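Notes follow the structure.
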There are 2 protein chains.
Amino acid sequence: MLVVRKYGGSSVADAEKVFRVAKQILEVQKAGNQVIVVLSAQGKTTDSLIAKAKEINPNASRREMDMLLSTGEQQSVALMAMAIHALGGKAVSLNAMQVGIETTKTYSNARIRTIHRERIDNELERGNVVLVTGFQGVNMLGDITTLGRGGSDTSAVALAAALHADVCEIFTDVDGVYTADPRVVKDARKLDEISYDEMLELASQGAKVLHCRSVEVAKKYNVKLVVRSSITEAPGTVVKEDSKMERMLISGVAADKKVSRISVLGIQDEPGKAFEIFNLMAGENVSVDIILQSTGHDGLQDISFTIGADDLDIALKALEDNKERLTAQEIAHDDNVAKLSIVGAGMATNPGVAALFFEAMYDSGVNIQMISTSEIKITVLISENDIDAAMAAVHDKFQTATVNMRKD
Amino acid sequence: MLVVRKYGGSSVADAEKVFRVAKQILEVQKAGNQVIVVLSAQGKTTDSLIAKAKEINPNASRREMDMLLSTGEQQSVALMAMAIHALGGKAVSLNAMQVGIETTKTYSNARIRTIHRERIDNELERGNVVLVTGFQGVNMLGDITTLGRGGSDTSAVALAAALHADVCEIFTDVDGVYTADPRVVKDARKLDEISYDEMLELASQGAKVLHCRSVEVAKKYNVKLVVRSSITEAPGTVVKEDSKMERMLISGVAADKKVSRISVLGIQDEPGKAFEIFNLMAGENVSVDIILQSTGHDGLQDISFTIGADDLDIALKALEDNKERLTAQEIAHDDNVAKLSIVGAGMATNPGVAALFFEAMYDSGVNIQMISTSEIKITVLISENDIDAAMAAVHDKFQTATVNMRKD
């Protein structure tokens, strides 16, 4: 078997943890497998590098941020190689340039285009565990890019796809995918299986267990993905095409606090204004999520939309710089907001799900600012202060509903 | 003018110092120059990475050490780019892979073979200050190599040579080359000029102001080299071919404490035994310095030699592993030793220099273990405990001697 494993930063935070992972890896290899391991930066390394950068330049260029942050993963793979050597094993560390992980041009949020397999194949043939830096790639200019926060998951899945690995195991500090964040919701349950689509909606709506793009890539190349705990080594949750899980009403509740709302107010009500705004955002590589357009009064309209909190400064600057052209009277924003989502394939065939969801929101007295839906997902934007209470209320409502339906 | 500048780790240790250097660089560029800047890792970064590695594996492979340590310089260049941007300047950071700094295969102590200039030329044409990681390169396997401690000096000189720069300025925490270490010898004097050969002997004998190999490269390609302080920005010391300095008896006194002595005792007195030992050391990439071979008694001989303190473990292991083949009775070592050297072109024409030197050693009661000489250098190996006193005594003796000779 060819196994790709990914360990997050908390799994390799110190020498003791590095050795624990090194032992796990060697056991997998000794059982007759070829092993590729993708690592994130140790513990708080990335955060402390970001703090260093902010001290020097709060608006640091994304190219230079990528150059800086990519060093964290390189340290991790080198240290892991040393640990495996200390245990008598064979291992070699490779960064994205050495592997040849080619990405799109976009700094800080690049997408993997191609992975060259020659170097990895050679090292596997020599009997090495191959340790690859997660989170990063190289673009056509020869510059280092990063894949966005949590991008190491995507590195692992893309490697598994490129090398036709038998399984891609993502090791984290939780032991699988839960119906809701177990730190917030007490009776959240672990799922044994989940489909790509459901996992995708959960991930894109803020469930931190997997990087959204990694699930997309897994679905596209049909990579068998397993989410497991690096501490318990329990079986975890399998993400795959045909999830045989019992059809629950919803498979999970997710919250995302790293979101901001921007409102462009008092725009001339002419065709093309919305296009201009979103074109401007695309030019700055800012992803727009929920959009609300209000046909206003006096020939004026308002357009509100949500973006990732990290993009707020860039987005506001671009809008302010083009305020006149957009004929906007005011650019307002609110970063004390959060998204709450419910996800589940069962939703499409159960019209009552939306009603139950909004009932839960009403019961807990939470005000809804924006709504967005897909066939298997409902998302609402609410005040960040309400998010934990709302999440618990929704989870509770659906637990009860599921039990009730089984009785029927 | 095309200017190459190198700043050491202490010059960029924190945000304030990074900005001081960023301002200096922009001033040089504004004066109409193209500027390439080579940076070392910040402050104690390299030391703390080494400590991290030692915690995991005290005998870490050199390949993985290079992979780990090279991240320090990459952080420095990225942060410096951010600082220059914050001041409104244009800059881009490049690591050794991006520039194409090709080295020999040897990890931890590689030599630069070729530097590709395309990427740097392109960035200079765009008006960028080009920030290049010092200390590192890439070998023919595509692996990261480092040039040995202090190797950033060599990176800078090699870049200056490859790009035909008009000057290569090495900025450090001292304001030039001194006749002895000014922290140890109170009346050490700063030199305005020194020849490549003299600088080479001083550097190779432990004067920490310049990396030895950097002076070799400067001499070979006739690079105008200037050693200056990043704090005072005073003119510093010029290193060049025909130094017009007054012909002093000696130009400097240097001490090197990072040295160990190994003695291979009781070897069969047969031809080829010395060759076998030094072949063994070469195989481990250990440089041997002073050698002392004693023709012994009972058909046995002893061979002693000095090596860099960092290589002691590797050297001892290689010798112990081959003890039988070498017919050695015992492998002894001492790392409480240090080298003291006097260097000066005037030495060749003044037979009295050696006498004065040994008189100073005798006056200060220091026992000499080994001696090595060249046309412009005398080196002795003594106990590390004696080194500061001996250095002061020798410097003092030659100050007096120089004054006496001028009176003549």
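By convention in this document, the chains of the structure tokens carry letters A, B, ... by their order, each chain's residues are numbered from 1, and ligands are numbered from 1 in the order they are shown.
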
Close residues, range 104-106 of chain A itself excluded, 12 Å, only C-alpha atoms, min 5 positions apart in chain, as a PyMOL selection string: chain A and resi 61-63+66+111-114+136-148+282-286

Expected file contents, prior selection, C-alpha atoms, as a short mmCIF file (atom, residue, chain, number, x, y, z; two decimals), in the first residue's frame:
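As a result, part-v1.cif now contains:
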```cif
data_model
loop_
_atom_site.label_atom_id
_atom_site.label_comp_id
_atom_site.auth_asym_id
_atom_site.auth_seq_id
_atom_site.Cartn_x
_atom_site.Cartn_y
_atom_site.Cartn_z
CA SER A 61 2.89 41.84 0.65
CA ARG A 62 1.43 38.38 0.21
CA ARG A 63 4.46 37.24 -1.76
CA ASP A 66 4.45 33.27 1.75
CA ARG A 111 -4.30 26.25 -5.90
CA ILE A 112 -2.20 23.23 -6.79
CA ARG A 113 -1.98 22.64 -10.57
CA THR A 114 0.55 19.82 -10.94
CA GLN A 136 3.03 25.46 0.05
CA GLY A 137 3.92 25.31 -3.61
CA VAL A 138 5.81 27.15 -6.34
CA ASN A 139 4.19 29.29 -9.02
CA MET A 140 5.24 29.84 -12.63
CA LEU A 141 7.46 32.76 -11.59
CA GLY A 142 9.48 30.42 -9.40
CA ASP A 143 8.09 32.09 -6.28
CA ILE A 144 6.88 30.32 -3.16
CA THR A 145 3.11 30.33 -2.71
CA THR A 146 0.93 29.09 0.13
CA LEU A 147 -2.46 27.41 -0.08
CA GLY A 148 -4.26 29.32 2.65
CA ALA A 282 -11.93 39.20 -7.65
CA GLY A 283 -9.07 41.48 -8.72
CA GLU A 284 -7.89 41.54 -5.10
CA ASN A 285 -8.36 37.77 -4.79
CA VAL A 286 -11.06 38.24 -2.18
#
```

As a count of residues only, please: the residues near range 362-373 of chain B (cut-off 10 Å, only C-alpha atoms, same-chain neighbours under 6 positions excluded). 31

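Counting only C-alpha atoms, range 329-333 of chain A has the following residues at most 6 Å away, ignoring those fewer than 4 positions along the same chain: A:Arg261, A:Ile262, A:Ser263, A:Val264, A:Leu265, A:Gly266.
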
Take the residues just selected and output them with N, CA, C and O atoms as a PDB file, in the first residue's frame.
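That gives us out.pdb:
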```pdb
ATOM      1  N   ARG A 261     -18.757  41.316   7.345  1.00  0.00           N
ATOM      2  CA  ARG A 261     -19.791  41.755   6.415  1.00  0.00           C
ATOM      3  C   ARG A 261     -19.445  43.155   5.929  1.00  0.00           C
ATOM      4  O   ARG A 261     -19.064  44.031   6.701  1.00  0.00           O
ATOM      5  N   ILE A 262     -19.564  43.381   4.615  1.00  0.00           N
ATOM      6  CA  ILE A 262     -19.375  44.708   4.036  1.00  0.00           C
ATOM      7  C   ILE A 262     -20.693  45.126   3.392  1.00  0.00           C
ATOM      8  O   ILE A 262     -21.345  44.318   2.736  1.00  0.00           O
ATOM      9  N   SER A 263     -21.068  46.385   3.596  1.00  0.00           N
ATOM     10  CA  SER A 263     -22.258  46.910   2.933  1.00  0.00           C
ATOM     11  C   SER A 263     -21.868  48.133   2.131  1.00  0.00           C
ATOM     12  O   SER A 263     -21.273  49.073   2.664  1.00  0.00           O
ATOM     13  N   VAL A 264     -22.160  48.089   0.841  1.00  0.00           N
ATOM     14  CA  VAL A 264     -21.940  49.244  -0.024  1.00  0.00           C
ATOM     15  C   VAL A 264     -23.306  49.903  -0.177  1.00  0.00           C
ATOM     16  O   VAL A 264     -24.221  49.333  -0.772  1.00  0.00           O
ATOM     17  N   LEU A 265     -23.418  51.110   0.384  1.00  0.00           N
ATOM     18  CA  LEU A 265     -24.747  51.711   0.541  1.00  0.00           C
ATOM     19  C   LEU A 265     -24.971  52.861  -0.433  1.00  0.00           C
ATOM     20  O   LEU A 265     -24.045  53.606  -0.771  1.00  0.00           O
ATOM     21  N   GLY A 266     -26.214  53.000  -0.868  1.00  0.00           N
ATOM     22  CA  GLY A 266     -26.625  54.160  -1.683  1.00  0.00           C
ATOM     23  C   GLY A 266     -26.016  54.182  -3.062  1.00  0.00           C
ATOM     24  O   GLY A 266     -25.584  55.223  -3.552  1.00  0.00           O
TER      25      GLY A 266
END
```

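The shortest atom-to-atom distance to chain B, with only C-alpha atoms taken into account, belongs to A:Gln75 out of A:Thr45, A:Gln24, A:Gln29, A:Gln75.
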
Compute the set of chain B residues within 7 Å of chain A, using only C-alpha atoms, and express it as a PDB file with all heavy atoms, in the first residue's frame.
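So result07.pdb came out as:
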```pdb
ATOM      1  N   ALA B  15      13.029  44.092  14.950  1.00  0.00           N
ATOM      2  CA  ALA B  15      12.336  44.965  13.993  1.00  0.00           C
ATOM      3  C   ALA B  15      13.041  46.328  13.870  1.00  0.00           C
ATOM      4  O   ALA B  15      13.206  46.857  12.766  1.00  0.00           O
ATOM      5  CB  ALA B  15      10.885  45.156  14.426  1.00  0.00           C
ATOM      6  N   ALA B  53      17.332  20.925  17.011  1.00  0.00           N
ATOM      7  CA  ALA B  53      17.773  19.709  16.320  1.00  0.00           C
ATOM      8  C   ALA B  53      18.472  18.771  17.299  1.00  0.00           C
ATOM      9  O   ALA B  53      18.204  17.569  17.332  1.00  0.00           O
ATOM     10  CB  ALA B  53      18.700  20.075  15.167  1.00  0.00           C
ATOM     11  N   GLU B  55      18.096  18.455  20.430  1.00  0.00           N
ATOM     12  CA  GLU B  55      17.142  17.844  21.351  1.00  0.00           C
ATOM     13  C   GLU B  55      16.553  16.570  20.718  1.00  0.00           C
ATOM     14  O   GLU B  55      16.290  15.592  21.406  1.00  0.00           O
ATOM     15  CB  GLU B  55      16.031  18.852  21.644  1.00  0.00           C
ATOM     16  CG  GLU B  55      15.138  18.456  22.821  1.00  0.00           C
ATOM     17  CD  GLU B  55      13.916  19.350  22.926  1.00  0.00           C
ATOM     18  OE1 GLU B  55      13.859  20.393  22.240  1.00  0.00           O
ATOM     19  OE2 GLU B  55      13.001  18.975  23.688  1.00  0.00           O
ATOM     20  N   ILE B  56      16.364  16.614  19.416  1.00  0.00           N
ATOM     21  CA  ILE B  56      15.754  15.477  18.716  1.00  0.00           C
ATOM     22  C   ILE B  56      16.797  14.440  18.305  1.00  0.00           C
ATOM     23  O   ILE B  56      16.582  13.240  18.425  1.00  0.00           O
ATOM     24  CB  ILE B  56      14.954  15.978  17.490  1.00  0.00           C
ATOM     25  CG1 ILE B  56      13.647  16.613  17.983  1.00  0.00           C
ATOM     26  CG2 ILE B  56      14.673  14.859  16.503  1.00  0.00           C
ATOM     27  CD1 ILE B  56      12.804  17.225  16.916  1.00  0.00           C
ATOM     28  N   ASN B  57      17.929  14.922  17.810  1.00  0.00           N
ATOM     29  CA  ASN B  57      18.958  13.995  17.341  1.00  0.00           C
ATOM     30  C   ASN B  57      20.326  14.657  17.431  1.00  0.00           C
ATOM     31  O   ASN B  57      20.667  15.490  16.599  1.00  0.00           O
ATOM     32  CB  ASN B  57      18.652  13.576  15.892  1.00  0.00           C
ATOM     33  CG  ASN B  57      19.545  12.454  15.406  1.00  0.00           C
ATOM     34  OD1 ASN B  57      20.631  12.249  15.937  1.00  0.00           O
ATOM     35  ND2 ASN B  57      19.093  11.741  14.388  1.00  0.00           N
ATOM     36  N   ALA B  60      22.368  14.604  14.158  1.00  0.00           N
ATOM     37  CA  ALA B  60      21.484  14.852  13.012  1.00  0.00           C
ATOM     38  C   ALA B  60      22.273  14.823  11.716  1.00  0.00           C
ATOM     39  O   ALA B  60      23.424  15.270  11.666  1.00  0.00           O
ATOM     40  CB  ALA B  60      20.800  16.200  13.183  1.00  0.00           C
ATOM     41  N   SER B  61      21.661  14.300  10.666  1.00  0.00           N
ATOM     42  CA  SER B  61      22.336  14.239   9.366  1.00  0.00           C
ATOM     43  C   SER B  61      22.566  15.663   8.875  1.00  0.00           C
ATOM     44  O   SER B  61      21.769  16.558   9.117  1.00  0.00           O
ATOM     45  CB  SER B  61      21.490  13.461   8.361  1.00  0.00           C
ATOM     46  OG  SER B  61      20.630  14.311   7.647  1.00  0.00           O
ATOM     47  N   GLU B  64      19.815  17.163   6.635  1.00  0.00           N
ATOM     48  CA  GLU B  64      18.632  17.680   7.315  1.00  0.00           C
ATOM     49  C   GLU B  64      18.953  18.934   8.120  1.00  0.00           C
ATOM     50  O   GLU B  64      18.112  19.815   8.267  1.00  0.00           O
ATOM     51  CB  GLU B  64      17.998  16.591   8.188  1.00  0.00           C
ATOM     52  CG  GLU B  64      17.523  15.349   7.415  1.00  0.00           C
ATOM     53  CD  GLU B  64      16.472  15.665   6.337  1.00  0.00           C
ATOM     54  OE1 GLU B  64      15.783  16.690   6.439  1.00  0.00           O
ATOM     55  OE2 GLU B  64      16.361  14.875   5.377  1.00  0.00           O
ATOM     56  N   MET B  67      18.721  21.687   5.669  1.00  0.00           N
ATOM     57  CA  MET B  67      17.301  21.935   5.374  1.00  0.00           C
ATOM     58  C   MET B  67      16.697  22.803   6.486  1.00  0.00           C
ATOM     59  O   MET B  67      15.930  23.727   6.222  1.00  0.00           O
ATOM     60  CB  MET B  67      16.594  20.580   5.321  1.00  0.00           C
ATOM     61  CG  MET B  67      15.185  20.631   4.832  1.00  0.00           C
ATOM     62  SD  MET B  67      15.113  20.708   3.039  1.00  0.00           S
ATOM     63  CE  MET B  67      13.346  20.514   2.796  1.00  0.00           C
ATOM     64  N   LEU B  68      17.067  22.482   7.719  1.00  0.00           N
ATOM     65  CA  LEU B  68      16.523  23.207   8.875  1.00  0.00           C
ATOM     66  C   LEU B  68      17.102  24.623   8.970  1.00  0.00           C
ATOM     67  O   LEU B  68      16.373  25.612   9.053  1.00  0.00           O
ATOM     68  CB  LEU B  68      16.847  22.426  10.156  1.00  0.00           C
ATOM     69  CG  LEU B  68      16.372  23.045  11.469  1.00  0.00           C
ATOM     70  CD1 LEU B  68      14.849  22.987  11.573  1.00  0.00           C
ATOM     71  CD2 LEU B  68      16.996  22.328  12.666  1.00  0.00           C
ATOM     72  N   THR B  71      16.268  27.904   6.777  1.00  0.00           N
ATOM     73  CA  THR B  71      15.029  28.663   6.960  1.00  0.00           C
ATOM     74  C   THR B  71      15.277  30.009   7.646  1.00  0.00           C
ATOM     75  O   THR B  71      14.525  30.954   7.441  1.00  0.00           O
ATOM     76  CB  THR B  71      13.992  27.887   7.804  1.00  0.00           C
ATOM     77  OG1 THR B  71      14.545  27.630   9.096  1.00  0.00           O
ATOM     78  CG2 THR B  71      13.631  26.567   7.136  1.00  0.00           C
ATOM     79  N   GLN B  74      15.927  32.694   5.139  1.00  0.00           N
ATOM     80  CA  GLN B  74      14.729  32.975   4.337  1.00  0.00           C
ATOM     81  C   GLN B  74      13.769  33.888   5.098  1.00  0.00           C
ATOM     82  O   GLN B  74      13.141  34.770   4.524  1.00  0.00           O
ATOM     83  CB  GLN B  74      14.044  31.655   3.955  1.00  0.00           C
ATOM     84  CG  GLN B  74      12.925  31.849   2.938  1.00  0.00           C
ATOM     85  CD  GLN B  74      12.474  30.533   2.325  1.00  0.00           C
ATOM     86  OE1 GLN B  74      13.284  29.665   2.020  1.00  0.00           O
ATOM     87  NE2 GLN B  74      11.176  30.376   2.157  1.00  0.00           N
ATOM     88  N   GLN B  75      13.699  33.682   6.414  1.00  0.00           N
ATOM     89  CA  GLN B  75      12.881  34.580   7.230  1.00  0.00           C
ATOM     90  C   GLN B  75      13.447  35.998   7.196  1.00  0.00           C
ATOM     91  O   GLN B  75      12.711  36.975   7.061  1.00  0.00           O
ATOM     92  CB  GLN B  75      12.805  34.064   8.668  1.00  0.00           C
ATOM     93  CG  GLN B  75      12.052  32.734   8.765  1.00  0.00           C
ATOM     94  CD  GLN B  75      12.049  32.131  10.155  1.00  0.00           C
ATOM     95  OE1 GLN B  75      12.646  32.674  11.079  1.00  0.00           O
ATOM     96  NE2 GLN B  75      11.366  31.013  10.308  1.00  0.00           N
ATOM     97  N   ALA B  78      12.672  37.843   3.844  1.00  0.00           N
ATOM     98  CA  ALA B  78      11.250  38.182   3.711  1.00  0.00           C
ATOM     99  C   ALA B  78      10.908  39.378   4.595  1.00  0.00           C
ATOM    100  O   ALA B  78      10.249  40.324   4.163  1.00  0.00           O
ATOM    101  CB  ALA B  78      10.374  36.977   4.058  1.00  0.00           C
ATOM    102  N   LEU B  79      11.387  39.353   5.844  1.00  0.00           N
ATOM    103  CA  LEU B  79      11.092  40.451   6.767  1.00  0.00           C
ATOM    104  C   LEU B  79      11.713  41.760   6.278  1.00  0.00           C
ATOM    105  O   LEU B  79      11.115  42.828   6.384  1.00  0.00           O
ATOM    106  CB  LEU B  79      11.593  40.108   8.184  1.00  0.00           C
ATOM    107  CG  LEU B  79      10.832  38.957   8.875  1.00  0.00           C
ATOM    108  CD1 LEU B  79      11.547  38.527  10.147  1.00  0.00           C
ATOM    109  CD2 LEU B  79       9.395  39.375   9.211  1.00  0.00           C
ATOM    110  N   ALA B  81      12.281  42.601   3.175  1.00  0.00           N
ATOM    111  CA  ALA B  81      11.459  43.082   2.055  1.00  0.00           C
ATOM    112  C   ALA B  81      10.243  43.832   2.587  1.00  0.00           C
ATOM    113  O   ALA B  81       9.901  44.915   2.105  1.00  0.00           O
ATOM    114  CB  ALA B  81      11.026  41.905   1.173  1.00  0.00           C
ATOM    115  N   MET B  82       9.624  43.262   3.630  1.00  0.00           N
ATOM    116  CA  MET B  82       8.445  43.925   4.214  1.00  0.00           C
ATOM    117  C   MET B  82       8.807  45.292   4.775  1.00  0.00           C
ATOM    118  O   MET B  82       8.041  46.251   4.657  1.00  0.00           O
ATOM    119  CB  MET B  82       7.862  43.057   5.333  1.00  0.00           C
ATOM    120  CG  MET B  82       7.283  41.728   4.843  1.00  0.00           C
ATOM    121  SD  MET B  82       6.811  40.671   6.235  1.00  0.00           S
ATOM    122  CE  MET B  82       6.553  39.105   5.381  1.00  0.00           C
ATOM    123  N   ALA B  83       9.978  45.410   5.397  1.00  0.00           N
ATOM    124  CA  ALA B  83      10.411  46.686   5.974  1.00  0.00           C
ATOM    125  C   ALA B  83      10.659  47.711   4.864  1.00  0.00           C
ATOM    126  O   ALA B  83      10.255  48.869   4.974  1.00  0.00           O
ATOM    127  CB  ALA B  83      11.677  46.483   6.817  1.00  0.00           C
ATOM    128  N   ALA B  86       7.447  48.892   3.621  1.00  0.00           N
ATOM    129  CA  ALA B  86       6.816  49.806   4.581  1.00  0.00           C
ATOM    130  C   ALA B  86       7.391  51.210   4.454  1.00  0.00           C
ATOM    131  O   ALA B  86       6.713  52.207   4.732  1.00  0.00           O
ATOM    132  CB  ALA B  86       6.991  49.282   6.007  1.00  0.00           C
ATOM    133  N   GLN B  98      15.876  29.985  -5.711  1.00  0.00           N
ATOM    134  CA  GLN B  98      15.289  30.937  -6.658  1.00  0.00           C
ATOM    135  C   GLN B  98      16.357  31.667  -7.461  1.00  0.00           C
ATOM    136  O   GLN B  98      16.186  31.917  -8.650  1.00  0.00           O
ATOM    137  CB  GLN B  98      14.391  31.930  -5.913  1.00  0.00           C
ATOM    138  CG  GLN B  98      13.124  31.254  -5.376  1.00  0.00           C
ATOM    139  CD  GLN B  98      12.327  32.135  -4.439  1.00  0.00           C
ATOM    140  OE1 GLN B  98      12.881  32.927  -3.682  1.00  0.00           O
ATOM    141  NE2 GLN B  98      11.017  31.983  -4.465  1.00  0.00           N
ATOM    142  N   GLY B 142      19.606  18.753  -6.107  1.00  0.00           N
ATOM    143  CA  GLY B 142      18.449  19.600  -5.830  1.00  0.00           C
ATOM    144  C   GLY B 142      18.225  19.787  -4.345  1.00  0.00           C
ATOM    145  O   GLY B 142      17.171  20.242  -3.915  1.00  0.00           O
TER     146      GLY B 142
END
```

Quick one: pick out all strand (DSSP E or B) residues within range 69-230 of chain A from a backbone DSSP run and write them as an NGL selection string. :A and (91-94 or 101-103 or 112-115 or 129-133 or 136-138 or 144-146 or 167-172 or 178 or 190 or 193-195 or 225-229)

Fewer than 4 positions away in the same chain doesn't count, so skip those; otherwise give me all residues within 6 Å of Thr237 in chain A, counting only C-alpha atoms, as a PyMOL selection string. chain A and resi 176-177+191-193+226-227

Any chance you can output those residues with C-alpha atoms as a CSV table (one decimal), in the first residue's frame?
```
chain,number,residue,atom,x,y,z
A,176,GLY,CA,-13.0,12.4,13.5
A,177,VAL,CA,-15.8,14.5,12.0
A,191,LEU,CA,-19.6,10.2,12.4
A,192,ASP,CA,-18.1,6.9,11.1
A,193,GLU,CA,-18.6,8.0,7.5
A,226,VAL,CA,-9.8,9.4,6.6
A,227,VAL,CA,-9.8,11.9,9.5
```

Of the listed residues A:Ala315, A:Val21, A:Ala255, A:Ala274, that which approaches Pro182 in chain A most closely, counting only C-alpha atoms: A:Ala255

Residue contacts of Val217 in chain B (10 Å, only C-alpha atoms) excluding same-chain residues fewer than 6 positions away, as a VMD selection string: chain B and resid 112 154 to 155 157 to 158 160 to 161 196 223
